[in-house]
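Data block for work32.txt (compact mmCIF, N, CA and C atoms and all ligand atoms):
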```txt
# COMPACT_ATOMS: atom_id res chain seq x y z
N MET J 404 -10.17 10.49 -6.54
CA MET J 404 -10.19 9.44 -7.56
C MET J 404 -10.99 8.25 -7.04
N LYS J 405 -11.57 7.52 -7.98
CA LYS J 405 -12.42 6.39 -7.61
C LYS J 405 -11.79 5.09 -8.09
N GLY J 406 -11.96 4.06 -7.25
CA GLY J 406 -11.46 2.75 -7.62
C GLY J 406 -12.44 1.69 -7.19
N GLN J 407 -12.16 0.46 -7.58
CA GLN J 407 -13.02 -0.64 -7.13
C GLN J 407 -12.24 -1.94 -7.12
N CYS J 408 -12.80 -2.91 -6.37
CA CYS J 408 -12.20 -4.24 -6.34
C CYS J 408 -12.57 -5.00 -7.60
N LEU J 409 -12.05 -6.18 -7.73
CA LEU J 409 -12.26 -6.97 -8.95
C LEU J 409 -13.74 -7.29 -9.20
N CYS J 410 -14.48 -7.63 -8.15
CA CYS J 410 -15.88 -8.02 -8.34
C CYS J 410 -16.82 -6.82 -8.31
N GLY J 411 -16.32 -5.66 -7.89
CA GLY J 411 -17.14 -4.46 -7.87
C GLY J 411 -17.97 -4.28 -6.60
N ALA J 412 -17.86 -5.21 -5.64
CA ALA J 412 -18.66 -5.10 -4.41
C ALA J 412 -18.23 -3.90 -3.56
N ILE J 413 -16.96 -3.51 -3.67
CA ILE J 413 -16.44 -2.39 -2.87
C ILE J 413 -15.92 -1.30 -3.80
N GLU J 414 -16.39 -0.07 -3.56
CA GLU J 414 -15.86 1.09 -4.28
C GLU J 414 -15.05 1.93 -3.31
N ILE J 415 -13.98 2.51 -3.84
CA ILE J 415 -13.07 3.29 -3.01
C ILE J 415 -13.05 4.71 -3.54
N ASN J 416 -13.19 5.66 -2.64
CA ASN J 416 -13.13 7.06 -2.99
C ASN J 416 -11.96 7.68 -2.23
N ALA J 417 -11.01 8.25 -2.95
CA ALA J 417 -9.81 8.78 -2.29
C ALA J 417 -9.38 10.07 -2.96
N PRO J 418 -8.69 10.96 -2.20
CA PRO J 418 -8.16 12.18 -2.81
C PRO J 418 -7.18 11.81 -3.93
N SER J 419 -7.24 12.52 -5.03
CA SER J 419 -6.37 12.18 -6.17
C SER J 419 -4.90 12.47 -5.86
N THR J 420 -4.06 11.57 -6.31
CA THR J 420 -2.62 11.78 -6.26
C THR J 420 -2.02 10.99 -7.41
N ASP J 421 -0.86 11.42 -7.88
CA ASP J 421 -0.22 10.61 -8.93
C ASP J 421 1.11 10.03 -8.45
N HIS J 422 1.33 10.05 -7.13
CA HIS J 422 2.58 9.51 -6.59
C HIS J 422 2.35 8.20 -5.87
N ILE J 423 3.20 7.24 -6.13
CA ILE J 423 3.13 5.99 -5.38
C ILE J 423 4.51 5.57 -4.90
N ALA J 424 4.50 4.71 -3.89
CA ALA J 424 5.74 4.11 -3.39
C ALA J 424 5.65 2.60 -3.57
N LEU J 425 6.77 1.97 -3.77
CA LEU J 425 6.80 0.51 -3.80
C LEU J 425 7.35 0.02 -2.47
N CYS J 426 6.65 -0.96 -1.88
CA CYS J 426 7.19 -1.57 -0.66
C CYS J 426 7.62 -2.99 -0.96
N HIS J 427 8.92 -3.23 -0.71
CA HIS J 427 9.50 -4.54 -1.03
C HIS J 427 9.55 -5.45 0.19
N CYS J 428 8.91 -5.08 1.32
CA CYS J 428 9.06 -5.88 2.54
C CYS J 428 8.48 -7.28 2.34
N SER J 429 8.95 -8.20 3.15
CA SER J 429 8.55 -9.61 2.98
C SER J 429 7.06 -9.79 3.22
N MET J 430 6.46 -8.98 4.10
CA MET J 430 5.02 -9.13 4.36
C MET J 430 4.19 -8.69 3.17
N CYS J 431 4.54 -7.54 2.58
CA CYS J 431 3.80 -7.09 1.40
C CYS J 431 3.93 -8.10 0.27
N ARG J 432 5.13 -8.65 0.10
CA ARG J 432 5.33 -9.60 -1.00
C ARG J 432 4.59 -10.90 -0.76
N ARG J 433 4.51 -11.32 0.51
CA ARG J 433 3.75 -12.54 0.82
C ARG J 433 2.26 -12.28 0.60
N TRP J 434 1.83 -11.09 1.00
CA TRP J 434 0.40 -10.72 0.89
C TRP J 434 -0.04 -10.62 -0.56
N GLY J 435 0.79 -9.97 -1.38
CA GLY J 435 0.35 -9.64 -2.72
C GLY J 435 1.09 -10.36 -3.84
N GLY J 436 2.09 -11.15 -3.50
CA GLY J 436 2.82 -11.86 -4.54
C GLY J 436 3.94 -11.04 -5.17
N GLY J 437 4.04 -9.78 -4.81
CA GLY J 437 5.08 -8.90 -5.35
C GLY J 437 5.10 -7.65 -4.49
N PRO J 438 5.93 -6.66 -4.85
CA PRO J 438 5.97 -5.44 -4.05
C PRO J 438 4.61 -4.73 -4.06
N MET J 439 4.24 -4.10 -2.92
CA MET J 439 2.99 -3.35 -2.91
C MET J 439 3.20 -2.03 -3.62
N HIS J 440 2.31 -1.71 -4.56
CA HIS J 440 2.29 -0.41 -5.22
C HIS J 440 1.35 0.46 -4.40
N ALA J 441 1.93 1.29 -3.55
CA ALA J 441 1.20 1.92 -2.46
C ALA J 441 0.91 3.39 -2.73
N VAL J 442 -0.36 3.75 -2.61
CA VAL J 442 -0.79 5.13 -2.78
C VAL J 442 -0.99 5.75 -1.40
N HIS J 443 -0.17 6.75 -1.08
CA HIS J 443 -0.32 7.45 0.20
C HIS J 443 -1.26 8.62 -0.01
N CYS J 444 -2.47 8.50 0.50
CA CYS J 444 -3.45 9.57 0.31
C CYS J 444 -3.46 10.50 1.49
N GLU J 445 -3.41 11.80 1.20
CA GLU J 445 -3.61 12.79 2.25
C GLU J 445 -5.10 13.06 2.32
N GLY J 446 -5.69 12.91 3.50
CA GLY J 446 -7.11 13.21 3.65
C GLY J 446 -7.97 11.96 3.70
N ASP J 447 -9.26 12.18 3.48
CA ASP J 447 -10.24 11.12 3.75
C ASP J 447 -10.32 10.09 2.65
N VAL J 448 -10.35 8.85 3.07
CA VAL J 448 -10.59 7.72 2.17
C VAL J 448 -11.90 7.08 2.62
N SER J 449 -12.80 6.80 1.69
CA SER J 449 -14.05 6.15 2.09
C SER J 449 -14.34 4.96 1.20
N PHE J 450 -15.11 4.04 1.76
CA PHE J 450 -15.48 2.81 1.05
C PHE J 450 -16.99 2.76 0.97
N SER J 451 -17.52 2.31 -0.15
CA SER J 451 -18.96 2.12 -0.24
C SER J 451 -19.25 0.74 -0.81
N GLY J 452 -20.48 0.28 -0.62
CA GLY J 452 -20.83 -1.09 -0.98
C GLY J 452 -20.54 -1.99 0.20
N ALA J 453 -19.93 -3.13 -0.05
CA ALA J 453 -19.60 -4.06 1.03
C ALA J 453 -18.49 -3.48 1.91
N SER J 454 -18.44 -3.91 3.17
CA SER J 454 -17.36 -3.47 4.06
C SER J 454 -16.12 -4.31 3.81
N PRO J 455 -14.95 -3.65 3.76
CA PRO J 455 -13.71 -4.42 3.57
C PRO J 455 -13.48 -5.38 4.75
N SER J 456 -12.97 -6.56 4.46
CA SER J 456 -12.48 -7.45 5.51
C SER J 456 -11.12 -6.93 5.95
N ARG J 457 -10.82 -7.10 7.25
CA ARG J 457 -9.58 -6.56 7.79
C ARG J 457 -8.79 -7.65 8.49
N TYR J 458 -7.51 -7.72 8.19
CA TYR J 458 -6.62 -8.68 8.84
C TYR J 458 -5.58 -7.90 9.64
N PRO J 459 -5.52 -8.12 10.97
CA PRO J 459 -4.51 -7.41 11.77
C PRO J 459 -3.13 -8.02 11.52
N SER J 460 -2.32 -7.37 10.68
CA SER J 460 -1.04 -7.96 10.27
C SER J 460 0.10 -7.61 11.22
N SER J 461 -0.13 -6.64 12.12
CA SER J 461 0.85 -6.32 13.15
C SER J 461 0.12 -5.56 14.24
N ASP J 462 0.83 -5.16 15.31
CA ASP J 462 0.19 -4.40 16.39
C ASP J 462 -0.24 -3.01 15.92
N TRP J 463 0.36 -2.54 14.82
CA TRP J 463 0.11 -1.16 14.41
C TRP J 463 -0.59 -1.04 13.04
N ALA J 464 -0.93 -2.17 12.43
CA ALA J 464 -1.52 -2.05 11.09
C ALA J 464 -2.49 -3.18 10.77
N GLU J 465 -3.40 -2.86 9.86
CA GLU J 465 -4.32 -3.86 9.33
C GLU J 465 -4.18 -3.88 7.81
N ARG J 466 -4.49 -5.03 7.22
CA ARG J 466 -4.53 -5.14 5.76
C ARG J 466 -5.96 -5.47 5.37
N GLY J 467 -6.47 -4.71 4.41
CA GLY J 467 -7.86 -4.85 4.02
C GLY J 467 -8.02 -5.49 2.66
N PHE J 468 -9.10 -6.25 2.53
CA PHE J 468 -9.34 -6.94 1.26
C PHE J 468 -10.84 -7.14 1.08
N CYS J 469 -11.24 -7.40 -0.15
CA CYS J 469 -12.64 -7.70 -0.42
C CYS J 469 -12.94 -9.14 -0.01
N GLY J 470 -13.96 -9.31 0.85
CA GLY J 470 -14.31 -10.63 1.33
C GLY J 470 -14.93 -11.52 0.25
N GLN J 471 -15.33 -10.92 -0.86
CA GLN J 471 -15.93 -11.73 -1.93
C GLN J 471 -14.92 -12.16 -2.98
N CYS J 472 -14.07 -11.23 -3.44
CA CYS J 472 -13.16 -11.57 -4.54
C CYS J 472 -11.70 -11.61 -4.09
N GLY J 473 -11.40 -11.13 -2.87
CA GLY J 473 -10.03 -11.21 -2.36
C GLY J 473 -9.10 -10.10 -2.80
N THR J 474 -9.59 -9.14 -3.58
CA THR J 474 -8.75 -8.03 -4.01
C THR J 474 -8.13 -7.30 -2.81
N HIS J 475 -6.85 -7.05 -2.87
CA HIS J 475 -6.17 -6.31 -1.81
C HIS J 475 -6.48 -4.83 -1.93
N LEU J 476 -6.97 -4.25 -0.86
CA LEU J 476 -7.44 -2.87 -0.91
C LEU J 476 -6.47 -1.90 -0.25
N PHE J 477 -6.01 -2.23 0.96
CA PHE J 477 -5.21 -1.24 1.70
C PHE J 477 -4.36 -1.86 2.78
N TYR J 478 -3.38 -1.03 3.16
CA TYR J 478 -2.61 -1.19 4.40
C TYR J 478 -3.07 -0.01 5.25
N TYR J 479 -3.58 -0.30 6.46
CA TYR J 479 -4.11 0.77 7.32
C TYR J 479 -3.19 0.92 8.52
N LEU J 480 -2.63 2.11 8.66
CA LEU J 480 -1.71 2.41 9.75
C LEU J 480 -2.53 2.95 10.92
N ILE J 481 -2.69 2.11 11.97
CA ILE J 481 -3.61 2.44 13.07
C ILE J 481 -3.23 3.74 13.80
N PRO J 482 -1.95 3.91 14.25
CA PRO J 482 -1.65 5.13 15.02
C PRO J 482 -1.85 6.42 14.22
N ALA J 483 -1.64 6.36 12.92
CA ALA J 483 -1.78 7.57 12.10
C ALA J 483 -3.18 7.69 11.50
N ASP J 484 -4.03 6.68 11.69
CA ASP J 484 -5.35 6.63 11.07
C ASP J 484 -5.23 6.91 9.56
N GLN J 485 -4.29 6.22 8.92
CA GLN J 485 -4.03 6.49 7.50
C GLN J 485 -4.18 5.23 6.65
N TYR J 486 -4.89 5.40 5.54
CA TYR J 486 -5.04 4.31 4.57
C TYR J 486 -4.01 4.46 3.47
N ILE J 487 -3.28 3.39 3.22
CA ILE J 487 -2.35 3.35 2.11
C ILE J 487 -2.94 2.33 1.13
N LEU J 488 -3.37 2.84 0.00
CA LEU J 488 -4.20 2.05 -0.91
C LEU J 488 -3.37 1.38 -1.99
N SER J 489 -3.93 0.33 -2.54
CA SER J 489 -3.28 -0.39 -3.62
C SER J 489 -3.50 0.36 -4.95
N ALA J 490 -2.42 0.68 -5.66
CA ALA J 490 -2.53 1.47 -6.89
C ALA J 490 -3.37 0.78 -7.95
N GLY J 491 -3.40 -0.55 -7.93
CA GLY J 491 -4.11 -1.30 -8.95
C GLY J 491 -5.61 -1.13 -8.92
N LEU J 492 -6.14 -0.56 -7.83
CA LEU J 492 -7.59 -0.34 -7.72
C LEU J 492 -8.05 0.76 -8.67
N PHE J 493 -7.10 1.64 -9.03
CA PHE J 493 -7.49 2.87 -9.73
C PHE J 493 -7.07 2.78 -11.20
N SER J 494 -7.93 2.19 -12.01
CA SER J 494 -7.53 1.93 -13.40
C SER J 494 -7.49 3.19 -14.26
N GLU J 495 -8.15 4.25 -13.82
CA GLU J 495 -8.19 5.48 -14.63
C GLU J 495 -6.98 6.37 -14.37
N GLN J 496 -6.25 6.10 -13.29
CA GLN J 496 -5.22 7.01 -12.82
C GLN J 496 -3.84 6.52 -13.25
N SER J 497 -2.97 7.44 -13.67
CA SER J 497 -1.59 7.02 -13.90
C SER J 497 -0.72 7.51 -12.74
N PHE J 498 0.34 6.79 -12.46
CA PHE J 498 1.15 7.08 -11.28
C PHE J 498 2.62 7.14 -11.64
N THR J 499 3.38 7.86 -10.81
CA THR J 499 4.83 7.87 -10.89
C THR J 499 5.38 7.33 -9.57
N VAL J 500 6.31 6.39 -9.66
CA VAL J 500 6.94 5.86 -8.45
C VAL J 500 7.98 6.87 -7.97
N ASP J 501 7.78 7.41 -6.76
CA ASP J 501 8.79 8.37 -6.27
C ASP J 501 9.54 7.88 -5.04
N GLN J 502 9.22 6.68 -4.58
CA GLN J 502 9.94 6.14 -3.43
C GLN J 502 9.86 4.61 -3.46
N GLU J 503 10.94 3.98 -3.05
CA GLU J 503 10.90 2.53 -2.85
C GLU J 503 11.42 2.26 -1.45
N ILE J 504 10.65 1.48 -0.67
CA ILE J 504 11.01 1.26 0.73
C ILE J 504 11.23 -0.23 1.02
N PHE J 505 11.90 -0.47 2.16
CA PHE J 505 12.32 -1.83 2.53
C PHE J 505 13.13 -2.46 1.40
N VAL J 506 14.02 -1.64 0.83
CA VAL J 506 14.84 -2.13 -0.29
C VAL J 506 15.79 -3.23 0.16
N ASP J 507 16.09 -3.27 1.48
CA ASP J 507 16.97 -4.32 1.99
C ASP J 507 16.28 -5.68 2.02
N GLU J 508 14.95 -5.71 1.86
CA GLU J 508 14.22 -6.99 1.84
C GLU J 508 13.86 -7.43 0.42
N LYS J 509 14.22 -6.60 -0.57
CA LYS J 509 13.87 -6.95 -1.95
C LYS J 509 14.68 -8.17 -2.41
N PRO J 510 14.00 -9.18 -2.97
CA PRO J 510 14.74 -10.33 -3.49
C PRO J 510 15.43 -9.97 -4.80
N GLU J 511 16.35 -10.83 -5.23
CA GLU J 511 17.12 -10.55 -6.45
C GLU J 511 16.33 -10.82 -7.73
N TYR J 512 15.23 -11.58 -7.63
CA TYR J 512 14.61 -12.09 -8.86
C TYR J 512 13.77 -11.09 -9.64
N TYR J 513 13.59 -9.88 -9.12
CA TYR J 513 12.99 -8.83 -9.96
C TYR J 513 13.80 -7.55 -9.77
N PRO J 514 13.83 -6.71 -10.81
CA PRO J 514 14.68 -5.51 -10.75
C PRO J 514 13.98 -4.34 -10.07
N PHE J 515 14.76 -3.38 -9.62
CA PHE J 515 14.16 -2.09 -9.24
C PHE J 515 13.56 -1.47 -10.49
N THR J 516 12.43 -0.79 -10.33
CA THR J 516 11.75 -0.25 -11.51
C THR J 516 11.95 1.25 -11.66
N SER J 517 12.57 1.89 -10.71
CA SER J 517 12.66 3.34 -10.79
C SER J 517 14.01 3.81 -10.23
N ASP J 518 14.35 5.06 -10.52
CA ASP J 518 15.54 5.64 -9.89
C ASP J 518 15.12 6.60 -8.77
N SER J 519 14.00 6.24 -8.10
CA SER J 519 13.44 7.07 -7.03
C SER J 519 14.27 6.92 -5.76
N VAL J 520 13.86 7.67 -4.74
CA VAL J 520 14.47 7.58 -3.41
C VAL J 520 14.29 6.16 -2.87
N LYS J 521 15.36 5.59 -2.35
CA LYS J 521 15.27 4.23 -1.80
C LYS J 521 15.64 4.23 -0.33
N MET J 522 14.84 3.55 0.47
CA MET J 522 15.08 3.52 1.92
C MET J 522 15.02 2.08 2.42
N THR J 523 15.93 1.76 3.34
CA THR J 523 15.88 0.45 3.98
C THR J 523 14.77 0.45 5.04
N GLY J 524 14.43 -0.72 5.56
CA GLY J 524 13.44 -0.82 6.62
C GLY J 524 13.83 0.00 7.84
N ALA J 525 15.11 -0.06 8.23
CA ALA J 525 15.57 0.70 9.39
C ALA J 525 15.39 2.21 9.17
N GLU J 526 15.67 2.66 7.96
CA GLU J 526 15.52 4.09 7.66
C GLU J 526 14.04 4.50 7.70
N VAL J 527 13.14 3.60 7.24
CA VAL J 527 11.71 3.90 7.28
C VAL J 527 11.24 4.03 8.73
N PHE J 528 11.62 3.05 9.58
CA PHE J 528 11.19 3.11 10.99
C PHE J 528 11.75 4.36 11.67
N ALA J 529 13.01 4.71 11.36
CA ALA J 529 13.61 5.90 11.96
C ALA J 529 12.84 7.16 11.55
N GLN J 530 12.44 7.24 10.29
CA GLN J 530 11.73 8.43 9.82
C GLN J 530 10.37 8.55 10.48
N TYR J 531 9.63 7.42 10.58
CA TYR J 531 8.24 7.51 11.06
C TYR J 531 8.12 7.46 12.57
N SER J 532 9.22 7.22 13.28
CA SER J 532 9.12 7.23 14.74
C SER J 532 9.46 8.60 15.31
N GLN J 533 9.79 9.57 14.45
CA GLN J 533 10.14 10.91 14.94
C GLN J 533 8.91 11.78 15.12
ZN ZN D 1 -14.56 -7.67 -4.62
ZN ZN D 2 5.62 -3.66 2.91
```
Would you put the structure from the file into structure tokens?
Ligand SMILES: [Zn+2]
Ligand SMILES: [Zn+2]
Amino acid sequence: MKGQCLCGAIEINAPSTDHIALCHCSMCRRWGGGPMHAVHCEGDVSFSGASPSRYPSSDWAERGFCGQCGTHLFYYLIPADQYILSAGLFSEQSFTVDQEIFVDEKPEYYPFTSDSVKMTGAEVFAQYSQ
């Protein structure tokens, strides 16, 4: 599937999927103003046009954005070499939320949107450290 940032300087090419996860962690919400609608792509993700700007948000991850328009593009997990893309980039694609993570950090002021699998931050770290 193909996506692009708001100004069109960066195009994203990623394997198609219709599943997304919502991340309610405080960092995603600070970064994007709300929960990240995250597309976990299996396989290669490529960018064309301008190069994404990268912000090292932790020792193990970077957050990417367009340096011209500021559109949030991805969360990049360094040890796994995996791009987790923002669902909003892909206007042609429809998605189903099948997981919500860091539910223990979700504030009260917006509701859960799905009856999907829900995991706390501790449960996420336990799963991915195995
Ligand atoms: Zn842009
Ligand atoms: Zn998050």
Handout entry: Residue with smallest distance to ligand ZN 1 (chain D) - pool J:His475, J:Arg466, J:Lys521, J:His440, counting only N, CA and C atoms and all ligand atoms
Key =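 Under the stated criterion, the closest residue is J:His475.
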Exercise for the section: List all protein, DNA and RNA residues that have an atom no more than 7 Å from any atom of ligand ZN 2 (chain D), counting only C-alpha atoms and all ligand atoms, and report them as a list in words. Expected result: Cys426, His427, Cys428, Ser429, Met430, Cys431, Met439 and Phe505 of chain J
Practice task
Give the answer as one residue: which of J:Asp507, J:Asp518, J:Asp462, J:Asp501 has the shortest atom-to-atom distance to Ala424 (chain J), using only N, CA and C atoms?
Solution key: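 Selected residue with least distance to Ala424 (chain J): J:Asp501.
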Completion exercise
Restricting to only C-alpha atoms and all ligand atoms, whichever of J:Val448, J:Cys469, J:Leu425, J:Val442 is closest to ligand ZN 1 (chain D) is J:Cys469
Exercise for the section: Give the answer as one residue: which of J:Phe468, J:Trp434, J:Trp463, J:Tyr458 has the shortest atom-to-atom distance to ligand ZN 1 (chain D), using only C-alpha atoms and all ligand atoms? Expected result: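 That would be J:Phe468, the residue with the smallest distance to ligand ZN 1 (chain D).
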Practice task
Can you tell me which residues come within 6.5 Å of ligand ZN 1 (chain D) when counting all atoms listed in the file, ideally as a ChimeraX atom specification?
Solution key: /J:408-413,469-474
Create the file for the chosen residues now, containing N, CA and C atoms and written as a JSON list (two decimals), in the coordinates of the input.
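Result file follows (again.json):
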```
[["chain", "number", "residue", "atom", "x", "y", "z"],
["J", 408, "CYS", "N", -12.80, -2.91, -6.37],
["J", 408, "CYS", "CA", -12.20, -4.24, -6.34],
["J", 408, "CYS", "C", -12.57, -5.00, -7.60],
["J", 409, "LEU", "N", -12.05, -6.18, -7.73],
["J", 409, "LEU", "CA", -12.26, -6.97, -8.95],
["J", 409, "LEU", "C", -13.74, -7.29, -9.20],
["J", 410, "CYS", "N", -14.48, -7.63, -8.15],
["J", 410, "CYS", "CA", -15.88, -8.02, -8.34],
["J", 410, "CYS", "C", -16.82, -6.82, -8.31],
["J", 411, "GLY", "N", -16.32, -5.66, -7.89],
["J", 411, "GLY", "CA", -17.14, -4.46, -7.87],
["J", 411, "GLY", "C", -17.97, -4.28, -6.60],
["J", 412, "ALA", "N", -17.86, -5.21, -5.64],
["J", 412, "ALA", "CA", -18.66, -5.10, -4.41],
["J", 412, "ALA", "C", -18.23, -3.90, -3.56],
["J", 413, "ILE", "N", -16.96, -3.51, -3.67],
["J", 413, "ILE", "CA", -16.44, -2.39, -2.87],
["J", 413, "ILE", "C", -15.92, -1.30, -3.80],
["J", 469, "CYS", "N", -11.24, -7.40, -0.15],
["J", 469, "CYS", "CA", -12.64, -7.70, -0.42],
["J", 469, "CYS", "C", -12.94, -9.14, -0.01],
["J", 470, "GLY", "N", -13.96, -9.31, 0.85],
["J", 470, "GLY", "CA", -14.31, -10.63, 1.33],
["J", 470, "GLY", "C", -14.93, -11.52, 0.25],
["J", 471, "GLN", "N", -15.33, -10.92, -0.86],
["J", 471, "GLN", "CA", -15.93, -11.73, -1.93],
["J", 471, "GLN", "C", -14.92, -12.16, -2.98],
["J", 472, "CYS", "N", -14.07, -11.23, -3.44],
["J", 472, "CYS", "CA", -13.16, -11.57, -4.54],
["J", 472, "CYS", "C", -11.70, -11.61, -4.09],
["J", 473, "GLY", "N", -11.40, -11.13, -2.87],
["J", 473, "GLY", "CA", -10.03, -11.21, -2.36],
["J", 473, "GLY", "C", -9.10, -10.10, -2.80],
["J", 474, "THR", "N", -9.59, -9.14, -3.58],
["J", 474, "THR", "CA", -8.75, -8.03, -4.01],
["J", 474, "THR", "C", -8.13, -7.30, -2.81]]
```
Practice task
Please give the complete set of residues from region 416-528 of chain J that DSSP, run on the backbone, assigns to helix (DSSP H, G or I), formatted as a count of residues only.
Solution key: 18
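Closest approach to Glu503 (chain J) among J:Tyr478, J:Ala464, J:Ile423, J:Pro455: J:Ile423, based on all atoms listed in the file.
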